[in-house]
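Participant: Input file: data-v9.pdb. Contents: PDB, C-alpha atoms and all ligand atoms.
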ATOM      1  CA  MET A1020      77.576 229.777  71.052
ATOM      2  CA  ILE A1021      78.474 226.268  72.137
ATOM      3  CA  SER A1022      78.654 223.849  69.229
ATOM      4  CA  HIS A1023      76.891 220.542  69.800
ATOM      5  CA  ALA A1024      79.826 218.339  68.939
ATOM      6  CA  THR A1025      79.023 214.667  68.785
ATOM      7  CA  ASP A1026      82.239 213.709  70.597
ATOM      8  CA  ALA A1027      82.061 215.258  74.068
ATOM      9  CA  THR A1028      85.862 215.620  74.168
ATOM     10  CA  ASP A1029      85.569 217.976  71.177
ATOM     11  CA  SER A1030      83.228 220.310  73.027
ATOM     12  CA  THR A1031      83.949 223.989  72.726
ATOM     13  CA  VAL A1032      82.376 224.751  76.096
ATOM     14  CA  THR A1033      85.874 225.339  77.453
ATOM     15  CA  ASP A1034      86.569 228.026  74.844
ATOM     16  CA  GLU A1035      83.167 229.591  75.503
ATOM     17  CA  ALA A1036      83.762 229.622  79.259
ATOM     18  CA  LEU A1037      87.219 231.133  78.780
ATOM     19  CA  ARG A1038      85.861 233.809  76.431
ATOM     20  CA  SER A1039      83.245 234.726  79.037
ATOM     21  CA  LEU A1040      86.060 236.102  81.194
ATOM     22  CA  SER A1041      87.118 238.738  78.678
ATOM     23  CA  GLY A1042      85.340 241.518  80.589
ATOM     24  CA  THR A1043      87.138 240.802  83.881
ATOM     25  CA  ALA A1044      88.620 244.148  84.884
ATOM     26  CA  ASP A1045      91.202 242.824  87.345
ATOM     27  CA  PRO A1046      93.952 241.152  85.269
ATOM     28  CA  ARG A1047      95.094 238.874  88.085
ATOM     29  CA  LEU A1048      91.538 237.676  88.674
ATOM     30  CA  ARG A1049      91.225 237.010  84.944
ATOM     31  CA  ASP A1050      94.455 234.960  84.969
ATOM     32  CA  LEU A1051      93.371 232.965  88.026
ATOM     33  CA  LEU A1052      89.906 232.201  86.640
ATOM     34  CA  THR A1053      91.332 231.325  83.220
ATOM     35  CA  ALA A1054      93.716 228.790  84.729
ATOM     36  CA  LEU A1055      90.978 227.454  87.003
ATOM     37  CA  ILE A1056      88.600 226.818  84.095
ATOM     38  CA  ARG A1057      91.365 225.252  81.991
ATOM     39  CA  HIS A1058      92.415 222.878  84.772
ATOM     40  CA  LEU A1059      88.873 222.016  85.905
ATOM     41  CA  HIS A1060      87.811 221.205  82.357
ATOM     42  CA  ALA A1061      90.975 219.166  81.770
ATOM     43  CA  PHE A1062      90.266 217.263  84.993
ATOM     44  CA  ALA A1063      86.702 216.457  83.915
ATOM     45  CA  ARG A1064      87.906 215.309  80.481
ATOM     46  CA  GLU A1065      90.805 213.255  81.842
ATOM     47  CA  THR A1066      88.639 211.426  84.383
ATOM     48  CA  ARG A1067      85.503 211.376  82.181
ATOM     49  CA  LEU A1068      83.656 212.678  85.219
ATOM     50  CA  THR A1069      80.150 211.223  85.520
ATOM     51  CA  ARG A1070      77.058 213.231  86.532
ATOM     52  CA  GLU A1071      76.825 211.195  89.734
ATOM     53  CA  GLU A1072      80.450 211.941  90.626
ATOM     54  CA  TRP A1073      79.956 215.635  89.911
ATOM     55  CA  GLU A1074      76.854 215.679  92.146
ATOM     56  CA  ARG A1075      78.761 213.876  94.857
ATOM     57  CA  ALA A1076      81.572 216.416  94.648
ATOM     58  CA  ILE A1077      79.088 219.286  94.908
ATOM     59  CA  GLY A1078      77.543 217.551  97.929
ATOM     60  CA  PHE A1079      80.977 217.177  99.511
ATOM     61  CA  LEU A1080      81.833 220.860  99.016
ATOM     62  CA  THR A1081      78.414 221.881 100.330
ATOM     63  CA  ALA A1082      78.938 219.766 103.450
ATOM     64  CA  THR A1083      82.423 221.272 103.859
ATOM     65  CA  GLY A1084      80.916 224.769 103.888
ATOM     66  CA  GLN A1085      78.149 223.702 106.254
ATOM     67  CA  ALA A1086      80.735 222.299 108.690
ATOM     68  CA  CYS A1087      82.354 225.755 109.037
ATOM     69  CA  THR A1088      81.508 227.785 112.139
ATOM     70  CA  ASP A1089      83.153 230.661 114.011
ATOM     71  CA  THR A1090      85.491 228.129 115.593
ATOM     72  CA  ARG A1091      85.880 225.562 112.826
ATOM     73  CA  GLN A1092      87.294 226.042 109.333
ATOM     74  CA  GLU A1093      86.661 222.889 107.312
ATOM     75  CA  PHE A1094      87.828 224.473 104.019
ATOM     76  CA  ILE A1095      91.298 225.222 105.444
ATOM     77  CA  LEU A1096      91.360 221.646 106.701
ATOM     78  CA  LEU A1097      90.474 220.389 103.220
ATOM     79  CA  SER A1098      93.209 222.517 101.657
ATOM     80  CA  ASP A1099      95.637 221.181 104.282
ATOM     81  CA  VAL A1100      94.946 217.469 103.720
ATOM     82  CA  LEU A1101      95.167 217.908  99.946
ATOM     83  CA  GLY A1102      98.634 219.449 100.353
ATOM     84  CA  LEU A1103      97.471 222.732  98.817
ATOM     85  CA  SER A1104      98.182 224.857 101.904
ATOM     86  CA  MET A1105     101.736 223.577 102.059
ATOM     87  CA  LEU A1106     102.227 224.097  98.323
ATOM     88  CA  VAL A1107     101.139 227.729  98.682
ATOM     89  CA  GLU A1108     103.698 228.078 101.509
ATOM     90  CA  GLU A1109     106.406 226.640  99.276
ATOM     91  CA  ILE A1110     105.511 228.879  96.327
ATOM     92  CA  ASN A1111     105.545 231.964  98.544
ATOM     93  CA  GLY A1112     108.333 230.753 100.792
ATOM     94  CA  HIS A1113     111.114 232.908 102.053
ATOM     95  CA  GLN A1114     114.095 233.242  99.768
ATOM     96  CA  VAL A1115     116.786 234.410 102.173
ATOM     97  CA  PRO A1116     119.064 231.578 103.365
ATOM     98  CA  GLY A1117     118.897 231.179 107.121
ATOM     99  CA  ALA A1118     115.458 232.800 107.465
ATOM    100  CA  THR A1119     112.986 230.661 109.405
ATOM    101  CA  GLU A1120     110.963 228.459 107.075
ATOM    102  CA  SER A1121     107.212 228.889 107.097
ATOM    103  CA  THR A1122     104.600 226.192 107.403
ATOM    104  CA  VAL A1123     100.797 225.960 107.451
ATOM    105  CA  LEU A1124      98.671 228.299 109.562
ATOM    106  CA  GLY A1125      96.121 225.559 110.243
ATOM    107  CA  PRO A1126      92.487 226.174 111.191
ATOM    108  CA  PHE A1127      92.916 226.929 114.909
ATOM    109  CA  HIS A1128      94.284 230.466 114.823
ATOM    110  CA  MET A1129      90.754 231.820 114.781
ATOM    111  CA  THR A1130      90.854 233.580 118.107
ATOM    112  CA  ALA A1131      93.204 236.341 119.263
ATOM    113  CA  SER A1132      95.965 235.193 121.582
ATOM    114  CA  PRO A1133      95.943 237.010 124.945
ATOM    115  CA  ALA A1134      98.922 239.302 125.560
ATOM    116  CA  ARG A1135     101.149 237.785 128.259
ATOM    117  CA  GLU A1136     104.308 238.833 130.119
ATOM    118  CA  LEU A1137     107.583 237.235 129.087
ATOM    119  CA  GLY A1138     108.062 234.042 131.101
ATOM    120  CA  ALA A1139     104.321 233.558 131.732
ATOM    121  CA  THR A1140     102.604 230.251 131.217
ATOM    122  CA  ILE A1141     100.189 229.526 128.387
ATOM    123  CA  ASP A1142      99.142 226.260 130.074
ATOM    124  CA  LEU A1143      96.236 227.473 132.221
ATOM    125  CA  VAL A1144      95.148 223.934 133.066
ATOM    126  CA  GLY A1145      98.579 222.816 134.229
ATOM    127  CA  ASP A1146      98.224 219.059 133.877
ATOM    128  CA  GLY A1147     100.914 218.509 131.233
ATOM    129  CA  GLU A1148     104.652 217.826 131.354
ATOM    130  CA  PRO A1149     106.281 221.157 132.325
ATOM    131  CA  CYS A1150     108.190 222.803 129.552
ATOM    132  CA  VAL A1151     109.910 226.108 128.804
ATOM    133  CA  VAL A1152     110.263 227.490 125.298
ATOM    134  CA  SER A1153     112.834 230.228 124.835
ATOM    135  CA  GLY A1154     114.093 231.974 121.763
ATOM    136  CA  ARG A1155     115.048 235.155 119.994
ATOM    137  CA  VAL A1156     113.552 237.069 117.107
ATOM    138  CA  LEU A1157     116.334 238.079 114.748
ATOM    139  CA  SER A1158     116.692 239.886 111.459
ATOM    140  CA  GLN A1159     118.213 237.999 108.532
ATOM    141  CA  ASP A1160     121.704 239.330 109.421
ATOM    142  CA  GLY A1161     121.394 238.146 113.037
ATOM    143  CA  THR A1162     120.472 241.539 114.524
ATOM    144  CA  PRO A1163     118.027 241.090 117.429
ATOM    145  CA  LEU A1164     114.567 242.602 116.944
ATOM    146  CA  PRO A1165     113.417 244.142 120.235
ATOM    147  CA  GLY A1166     109.659 244.683 120.409
ATOM    148  CA  ALA A1167     108.972 241.898 117.890
ATOM    149  CA  THR A1168     105.739 240.072 118.645
ATOM    150  CA  VAL A1169     105.543 236.306 118.967
ATOM    151  CA  ASP A1170     102.046 234.848 118.720
ATOM    152  CA  VAL A1171     101.941 231.275 120.003
ATOM    153  CA  TRP A1172      99.231 228.583 120.052
ATOM    154  CA  GLN A1173      99.200 224.879 120.766
ATOM    155  CA  ALA A1174      96.937 221.996 121.677
ATOM    156  CA  ASP A1175      96.764 220.743 125.263
ATOM    157  CA  ARG A1176      98.384 217.516 126.398
ATOM    158  CA  HIS A1177      95.328 215.594 125.171
ATOM    159  CA  GLY A1178      95.672 217.067 121.695
ATOM    160  CA  PHE A1179      92.815 219.590 121.760
ATOM    161  CA  TYR A1180      92.791 223.354 121.255
ATOM    162  CA  ASP A1181      90.841 225.546 123.687
ATOM    163  CA  VAL A1182      88.138 226.216 121.068
ATOM    164  CA  GLN A1183      87.553 222.490 120.635
ATOM    165  CA  ARG A1184      86.874 221.800 124.291
ATOM    166  CA  PRO A1185      85.473 224.957 125.891
ATOM    167  CA  ASP A1186      83.999 222.777 128.657
ATOM    168  CA  VAL A1187      87.435 221.759 129.988
ATOM    169  CA  GLN A1188      89.780 224.515 128.768
ATOM    170  CA  PRO A1189      89.404 228.223 129.593
ATOM    171  CA  PRO A1190      89.491 230.551 126.562
ATOM    172  CA  GLY A1191      93.100 231.415 125.713
ATOM    173  CA  ASN A1192      94.482 228.167 127.079
ATOM    174  CA  GLY A1193      97.527 227.225 125.020
ATOM    175  CA  ARG A1194      97.749 230.712 123.499
ATOM    176  CA  GLY A1195      99.892 233.765 124.162
ATOM    177  CA  LEU A1196     101.073 236.951 122.508
ATOM    178  CA  PHE A1197     104.569 237.908 123.676
ATOM    179  CA  THR A1198     106.708 240.972 123.023
ATOM    180  CA  ALA A1199     110.439 240.384 122.682
ATOM    181  CA  ASP A1200     112.764 242.130 125.166
ATOM    182  CA  PRO A1201     115.531 244.620 124.209
ATOM    183  CA  GLU A1202     117.743 241.710 123.071
ATOM    184  CA  GLY A1203     114.932 240.235 120.948
ATOM    185  CA  ARG A1204     114.441 237.404 123.436
ATOM    186  CA  PHE A1205     111.177 235.734 124.422
ATOM    187  CA  ARG A1206     110.317 232.927 126.788
ATOM    188  CA  PHE A1207     107.150 231.189 127.955
ATOM    189  CA  ARG A1208     106.084 228.189 129.991
ATOM    190  CA  THR A1209     103.792 225.526 128.647
ATOM    191  CA  CYS A1210     103.327 221.762 128.569
ATOM    192  CA  VAL A1211     105.041 219.457 126.108
ATOM    193  CA  PRO A1212     102.660 219.176 123.149
ATOM    194  CA  SER A1213     101.330 215.784 122.010
ATOM    195  CA  PRO A1214     100.572 214.453 118.536
ATOM    196  CA  TYR A1215      96.886 214.803 117.769
ATOM    197  CA  PRO A1216      94.355 213.921 115.083
ATOM    198  CA  ILE A1217      92.958 216.722 112.985
ATOM    199  CA  PRO A1218      89.149 216.863 113.290
ATOM    200  CA  THR A1219      87.655 213.781 111.609
ATOM    201  CA  ASP A1220      83.965 214.261 112.422
ATOM    202  CA  GLY A1221      83.260 216.188 109.209
ATOM    203  CA  PRO A1222      83.629 215.776 105.434
ATOM    204  CA  VAL A1223      87.444 215.940 105.597
ATOM    205  CA  GLY A1224      87.440 213.023 108.034
ATOM    206  CA  GLU A1225      85.327 211.044 105.553
ATOM    207  CA  LEU A1226      87.838 211.834 102.826
ATOM    208  CA  LEU A1227      90.727 210.605 104.989
ATOM    209  CA  ALA A1228      88.833 207.403 105.836
ATOM    210  CA  ALA A1229      87.957 206.769 102.187
ATOM    211  CA  THR A1230      91.627 207.087 101.242
ATOM    212  CA  GLY A1231      92.934 204.980 104.124
ATOM    213  CA  ARG A1232      94.933 207.855 105.599
ATOM    214  CA  HIS A1233      95.527 208.467 109.296
ATOM    215  CA  PRO A1234      94.561 211.910 110.626
ATOM    216  CA  TYR A1235      97.527 212.558 112.947
ATOM    217  CA  ARG A1236      99.848 215.538 113.178
ATOM    218  CA  PRO A1237     103.199 215.285 114.963
ATOM    219  CA  ALA A1238     103.513 217.245 118.227
ATOM    220  CA  HIS A1239     104.116 220.929 117.542
ATOM    221  CA  ILE A1240     103.749 224.521 118.714
ATOM    222  CA  HIS A1241     102.575 227.246 116.302
ATOM    223  CA  PHE A1242     104.245 230.671 115.983
ATOM    224  CA  ILE A1243     103.656 233.863 114.067
ATOM    225  CA  ALA A1244     106.615 236.228 114.549
ATOM    226  CA  SER A1245     106.276 239.838 113.374
ATOM    227  CA  ALA A1246     108.558 242.862 113.563
ATOM    228  CA  ALA A1247     108.610 246.316 111.963
ATOM    229  CA  GLY A1248     110.361 246.376 108.599
ATOM    230  CA  HIS A1249     110.210 242.588 108.264
ATOM    231  CA  ALA A1250     107.931 240.024 106.650
ATOM    232  CA  PRO A1251     106.088 238.059 109.348
ATOM    233  CA  VAL A1252     106.650 234.318 109.450
ATOM    234  CA  THR A1253     103.986 231.704 110.243
ATOM    235  CA  THR A1254     105.633 228.526 111.386
ATOM    236  CA  HIS A1255     105.776 225.682 113.950
ATOM    237  CA  ILE A1256     108.370 223.894 115.976
ATOM    238  CA  PHE A1257     108.049 220.101 116.060
ATOM    239  CA  VAL A1258     109.144 217.860 118.936
ATOM    240  CA  ALA A1259     112.198 215.869 117.836
ATOM    241  CA  GLY A1260     111.819 212.095 118.026
ATOM    242  CA  GLY A1261     108.027 212.224 118.148
ATOM    243  CA  ASP A1262     105.553 210.115 116.186
ATOM    244  CA  TYR A1263     104.226 211.110 112.751
ATOM    245  CA  LEU A1264     107.149 213.380 111.818
ATOM    246  CA  ASP A1265     107.373 211.348 108.601
ATOM    247  CA  SER A1266     103.638 211.191 107.897
ATOM    248  CA  ASP A1267     102.047 214.478 108.975
ATOM    249  CA  ALA A1268      98.404 214.450 107.785
ATOM    250  CA  VAL A1269      98.914 217.961 106.375
ATOM    251  CA  PHE A1270     102.474 217.560 104.973
ATOM    252  CA  ALA A1271     103.767 220.485 107.057
ATOM    253  CA  VAL A1272     107.014 219.145 108.596
ATOM    254  CA  LYS A1273     110.310 220.722 107.562
ATOM    255  CA  ASP A1274     113.541 219.383 109.010
ATOM    256  CA  SER A1275     114.708 222.879 109.950
ATOM    257  CA  LEU A1276     111.712 223.226 112.299
ATOM    258  CA  VAL A1277     112.322 220.108 114.408
ATOM    259  CA  ARG A1278     113.669 220.938 117.884
ATOM    260  CA  ASP A1279     114.916 218.968 120.853
ATOM    261  CA  PHE A1280     112.664 219.373 123.866
ATOM    262  CA  ALA A1281     115.595 218.542 126.115
ATOM    263  CA  GLU A1282     115.129 216.887 129.520
ATOM    264  CA  THR A1283     116.499 219.481 131.929
ATOM    265  CA  ASP A1284     117.340 218.912 135.588
ATOM    266  CA  ASP A1285     118.523 222.291 136.862
ATOM    267  CA  PRO A1286     116.867 223.506 140.085
ATOM    268  CA  VAL A1287     118.467 226.965 139.841
ATOM    269  CA  LEU A1288     117.249 227.564 136.292
ATOM    270  CA  ALA A1289     113.869 226.031 137.185
ATOM    271  CA  GLN A1290     113.486 228.528 140.020
ATOM    272  CA  GLU A1291     114.570 231.448 137.847
ATOM    273  CA  TRP A1292     112.026 230.452 135.174
ATOM    274  CA  GLY A1293     109.260 229.563 137.625
ATOM    275  CA  VAL A1294     108.878 225.992 136.427
ATOM    276  CA  ALA A1295     108.826 222.699 138.339
ATOM    277  CA  ASN A1296     112.119 220.798 138.168
ATOM    278  CA  PRO A1297     112.873 218.661 136.140
ATOM    279  CA  PHE A1298     111.390 220.160 133.010
ATOM    280  CA  ARG A1299     111.770 220.096 129.239
ATOM    281  CA  HIS A1300     113.353 222.957 127.360
ATOM    282  CA  ALA A1301     113.178 223.899 123.676
ATOM    283  CA  HIS A1302     114.932 226.855 122.057
ATOM    284  CA  VAL A1303     114.003 228.483 118.754
ATOM    285  CA  ASP A1304     115.426 231.490 116.980
ATOM    286  CA  LEU A1305     112.876 233.019 114.624
ATOM    287  CA  VAL A1306     114.770 234.732 111.803
ATOM    288  CA  LEU A1307     112.775 237.230 109.739
ATOM    289  CA  GLU A1308     113.422 238.564 106.261
ATOM    290  CA  ARG A1309     113.612 242.324 105.804
ATOM    291  CA  SER A1310     110.646 243.609 103.802
TER
HETATM  292  C1  LIG B1401      97.030 222.566 113.343
HETATM  293  O1  LIG B1401      98.181 222.283 113.523
HETATM  294  O2  LIG B1401      96.472 223.268 114.152
HETATM  295  C2  LIG B1401      96.343 222.025 112.148
HETATM  296  C3  LIG B1401      96.908 222.241 110.911
HETATM  297  C4  LIG B1401      96.262 221.739 109.796
HETATM  298  C5  LIG B1401      95.084 221.040 109.933
HETATM  299  C6  LIG B1401      94.547 220.828 111.201
HETATM  300  C7  LIG B1401      95.187 221.319 112.315
HETATM  301 FE    FE B1402      98.314 222.594 115.546
END
Go ahead and express the file in the form of structure tokens.
Facilitator:
Amino acid sequence: MISHATDATDSTVTDEALRSLSGTADPRLRDLLTALIRHLHAFARETRLTREEWERAIGFLTATGQACTDTRQEFILLSDVLGLSMLVEEINGHQVPGATESTVLGPFHMTASPARELGATIDLVGDGEPCVVSGRVLSQDGTPLPGATVDVWQADRHGFYDVQRPDVQPPGNGRGLFTADPEGRFRFRTCVPSPYPIPTDGPVGELLAATGRHPYRPAHIHFIASAAGHAPVTTHIFVAGGDYLDSDAVFAVKDSLVRDFAETDDPVLAQEWGVANPFRHAHVDLVLERS
């Protein structure tokens, strides 16, 4: 039973709430809930949380849930802007030196990328600066991984994903699922990505405004590389020299993921790759850890 201590900071409600978990069959779930209750109660005590603040927080979380749809994930966005998504990446990060570092998944991988031939374009609108991205999928010892899959998604040159602007982008624009060749190589055409603001028309946008933070992410392309016998990696490449590399709204930049998108004037290569000359070219080797 909860004792009615006169000093609220002496309350035994925390002990009572912790004891209530004793019947939790799954030991990991018990550990997680125990830590959650301890930290939540410590937070309320430390800040001397008022009823009005608690109600406001409940209202904020309710609005966050209500903003979620099949094509919008406001809770992932909230986790991202609080730095939690990136912390989880760091805690679970790859240990093998030289393996590609992971970064946040983000909320826009909610639709399957269409399978495309190597060398195909993912820019179905075709109004951006022409660009080729090439790379290899390698094992941690440098062995190529033929048949590896490379799932790619990016915003258009205006900074929107296909699901955000279905009126101007066909489904699958900016997305592709590629299968590496016998040497583990992949290549696709696209447009040079632009920095863009994360969605600000929901509760997370209000949070950013209230804290005086800008909503921008530096220009990037997302990847998930997978191969048999290896742990998949979820990552990005960032455009070197671009804005917001030092102030990503979701804290997801790692130096190892920044790539030159080099100005390339090579009519022979442009013809071979089916891209207008001149074009920009980025290369990325995706190095996977053996599982
Ligand atoms: C993205 O890069 O798609 C993204 C990541 C985190 C929050 C919003 C967008
Ligand atoms: Fe993105």
Participant: Sorted by chain and rising residue number, which residues of chain A lie within 6 Å of ligand LIG 1401 (chain B), and what are their closest atom pairs and distances in Å to one decimal, counting all atoms listed in the file, as a Markdown table?
Facilitator:
| residue | atom | partner | partner_atom | distance |
| --- | --- | --- | --- | --- |
| A:Leu1096 | CA | B:LIG1401 | C5 | 5.0 |
| A:Asp1099 | CA | B:LIG1401 | C4 | 5.6 |
| A:Gly1125 | CA | B:LIG1401 | C3 | 3.5 |
| A:Pro1126 | CA | B:LIG1401 | C7 | 5.7 |
| A:Phe1127 | CA | B:LIG1401 | O2 | 5.2 |
| A:Ile1217 | CA | B:LIG1401 | C6 | 4.8 |
| A:Val1269 | CA | B:LIG1401 | C4 | 5.7 |
Participant: Within 8 Å of ligand FE 1402 (chain B) (counting all atoms listed in the file), which residues show up? I'd like them as a PyMOL selection string.
Facilitator: chain A and resi 1125+1127+1172-1174+1180+1236+1238-1241
Participant: Could you list, as a VMD selection string, every residue matched by the PyMOL selection byres (((chain A and resi 1136) around 12) and not hetatm) in this structure?
Facilitator: chain A and resid 1133 to 1135 1137 to 1141 1168 to 1169 1195 to 1200 1205 to 1208
Participant: With C-alpha atoms kept, could you save the residues just selected as a JSON list (two decimals), in the frame of the given file?
Facilitator:
[["chain", "number", "residue", "atom", "x", "y", "z"],
["A", 1133, "PRO", "CA", 95.94, 237.01, 124.94],
["A", 1134, "ALA", "CA", 98.92, 239.30, 125.56],
["A", 1135, "ARG", "CA", 101.15, 237.78, 128.26],
["A", 1137, "LEU", "CA", 107.58, 237.24, 129.09],
["A", 1138, "GLY", "CA", 108.06, 234.04, 131.10],
["A", 1139, "ALA", "CA", 104.32, 233.56, 131.73],
["A", 1140, "THR", "CA", 102.60, 230.25, 131.22],
["A", 1141, "ILE", "CA", 100.19, 229.53, 128.39],
["A", 1168, "THR", "CA", 105.74, 240.07, 118.64],
["A", 1169, "VAL", "CA", 105.54, 236.31, 118.97],
["A", 1195, "GLY", "CA", 99.89, 233.76, 124.16],
["A", 1196, "LEU", "CA", 101.07, 236.95, 122.51],
["A", 1197, "PHE", "CA", 104.57, 237.91, 123.68],
["A", 1198, "THR", "CA", 106.71, 240.97, 123.02],
["A", 1199, "ALA", "CA", 110.44, 240.38, 122.68],
["A", 1200, "ASP", "CA", 112.76, 242.13, 125.17],
["A", 1205, "PHE", "CA", 111.18, 235.73, 124.42],
["A", 1206, "ARG", "CA", 110.32, 232.93, 126.79],
["A", 1207, "PHE", "CA", 107.15, 231.19, 127.96],
["A", 1208, "ARG", "CA", 106.08, 228.19, 129.99]]
Participant: What does the distance from atom CA of A:Ala1167 to atom CA of A:Gly1248 come to in Å, to one decimal?
Facilitator: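 Taking atom CA of A:Ala1167 as the start and atom CA of A:Gly1248 as the end point, the length is 10.4 Å.
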Participant: Any idea what's packed within 7 Å of A:Thr1119, counting all atoms listed in the file, ignoring anything in its chain fewer than 5 positions away? Could you give it as an NGL selection string?
Facilitator: :A and (1305-1307)
Participant: Evaluate the PyMOL selection byres (((chain A and resi 1309) around 7) and not hetatm) on the structure here and hand back the selected residues as number ranges by chain.
Facilitator: A: 1158-1159, 1248-1250, 1307-1308, 1310
Participant: Kindly assemble as a tab-separated table a list of the stretch 1084-1151 of chain A residues that lie within 12 Å of stretch 1279-1291 of chain A, each paired with its nearest atom pair and their distance in Å to one decimal, using all atoms listed in the file, sorted first by chain and then by ascending residue number.
Facilitator:
residue	atom	partner	partner_atom	distance
A:Gly1138	CA	A:Glu1291	CA	9.7
A:Glu1148	CA	A:Glu1282	CA	10.7
A:Pro1149	CA	A:Glu1282	CA	10.2
A:Cys1150	CA	A:Phe1280	CA	8.0
A:Val1151	CA	A:Phe1280	CA	8.8
Participant: Show me as JSON, numbers by chain the residues that reach within 12 Å of (87.3, 212.0, 99.2), counting only C-alpha atoms and using the file's own coordinates.
Facilitator: {"A": [1072, 1075, 1076, 1077, 1078, 1079, 1080, 1083, 1097, 1100, 1101, 1221, 1222, 1223, 1224, 1225, 1226, 1227, 1228, 1229, 1230, 1231, 1232]}
Participant: Return the single residue from A:Leu1052, A:Thr1122, A:Val1187, A:Pro1216 that is closest to A:Leu1103, with distances computed using all atoms listed in the file.
Facilitator: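 Of all the options, A:Thr1122 lies closest to A:Leu1103.
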Participant: With distances taken over all atoms listed in the file, which residue among A:Ile1056, A:Val1303, A:Val1115, A:Leu1157 lies nearest A:Glu1035?
Facilitator: A:Ile1056
Participant: From the list A:Leu1276, A:Ala1271, A:Ala1118, A:Val1211, which residue is nearest A:Leu1106 when using only C-alpha atoms?
Facilitator: A:Ala1271
Participant: Kindly provide, as an mmCIF file with C-alpha atoms, keeping the file's coordinate frame, the polymer residues lying within 6 Å of (115.7, 233.8, 121.5), counting only C-alpha atoms and using the coordinates exactly as they appear in the file.
Facilitator:
data_model
loop_
_atom_site.group_PDB
_atom_site.id
_atom_site.type_symbol
_atom_site.label_atom_id
_atom_site.label_comp_id
_atom_site.auth_asym_id
_atom_site.auth_seq_id
_atom_site.Cartn_x
_atom_site.Cartn_y
_atom_site.Cartn_z
ATOM 1 C CA SER A 1153 112.834 230.228 124.835
ATOM 2 C CA GLY A 1154 114.093 231.974 121.763
ATOM 3 C CA ARG A 1155 115.048 235.155 119.994
ATOM 4 C CA VAL A 1156 113.552 237.069 117.107
ATOM 5 C CA ARG A 1204 114.441 237.404 123.436
ATOM 6 C CA PHE A 1205 111.177 235.734 124.422
ATOM 7 C CA ASP A 1304 115.426 231.490 116.980
#
Participant: Go through the shown structure with the PyMOL selection byres (((chain A and resi 1192) around 7) and not hetatm) and write out the matching residues as a PyMOL selection string.
Facilitator: chain A and resi 1141-1143+1181+1188-1191+1193-1194
Participant: For a quick check of understanding, using all atoms listed in the file, which of A:Pro1201, A:Pro1237, A:Gly1117, A:Pro1185 has the smallest distance to A:His1255?
Facilitator: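 Closest candidate: A:Pro1237.
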Participant: Between atom CA of A:His1060 and atom CA of A:Ser1104, what is the distance, to one decimal in Å?
Facilitator: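 Taking atom CA of A:His1060 as the start and atom CA of A:Ser1104 as the end point, the length is 22.4 Å.
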Participant: Tell me, in Å to one decimal, how far atom CA of A:Gly1261 is from atom CA of A:Ser1213.
Facilitator: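 So the two atoms, atom CA of A:Gly1261 and atom CA of A:Ser1213, lie 8.5 Å apart.
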Participant: For a quick check of understanding, using only C-alpha atoms, which of A:Val1252, A:Ala1268, A:Ala1061, A:Val1182 has the smallest distance to A:Thr1090?
Facilitator: A:Val1182
Participant: Of the candidates A:Asp1045, A:Glu1065, A:Arg1091, A:His1302, which shows the shortest atom-to-atom distance to A:Arg1278, using only C-alpha atoms?
Facilitator: A:His1302
Participant: How would stretch 1047-1057 of chain A read, as a short mmCIF file (atom, residue, chain, number, x, y, z; two decimals), in the frame of the given file, once N, CA and C atoms are built in?
Facilitator:
data_model
loop_
_atom_site.label_atom_id
_atom_site.label_comp_id
_atom_site.auth_asym_id
_atom_site.auth_seq_id
_atom_site.Cartn_x
_atom_site.Cartn_y
_atom_site.Cartn_z
N ARG A 1047 94.69 240.06 87.30
CA ARG A 1047 95.09 238.87 88.08
C ARG A 1047 93.91 237.92 88.26
N LEU A 1048 92.73 238.51 88.53
CA LEU A 1048 91.54 237.68 88.67
C LEU A 1048 91.26 236.94 87.36
N ARG A 1049 91.45 237.67 86.24
CA ARG A 1049 91.22 237.01 84.94
C ARG A 1049 92.19 235.83 84.76
N ASP A 1050 93.46 236.05 85.11
CA ASP A 1050 94.46 234.96 84.97
C ASP A 1050 94.08 233.76 85.85
N LEU A 1051 93.70 234.05 87.09
CA LEU A 1051 93.37 232.96 88.03
C LEU A 1051 92.16 232.17 87.53
N LEU A 1052 91.12 232.90 87.09
CA LEU A 1052 89.91 232.20 86.64
C LEU A 1052 90.16 231.44 85.34
N THR A 1053 91.00 232.01 84.47
CA THR A 1053 91.33 231.32 83.22
C THR A 1053 92.01 229.99 83.52
N ALA A 1054 92.99 230.03 84.39
CA ALA A 1054 93.72 228.79 84.73
C ALA A 1054 92.78 227.81 85.43
N LEU A 1055 91.91 228.34 86.29
CA LEU A 1055 90.98 227.45 87.00
C LEU A 1055 90.07 226.72 86.01
N ILE A 1056 89.50 227.46 85.07
CA ILE A 1056 88.60 226.82 84.10
C ILE A 1056 89.38 225.81 83.25
N ARG A 1057 90.58 226.19 82.82
CA ARG A 1057 91.36 225.25 81.99
C ARG A 1057 91.62 223.95 82.75
#
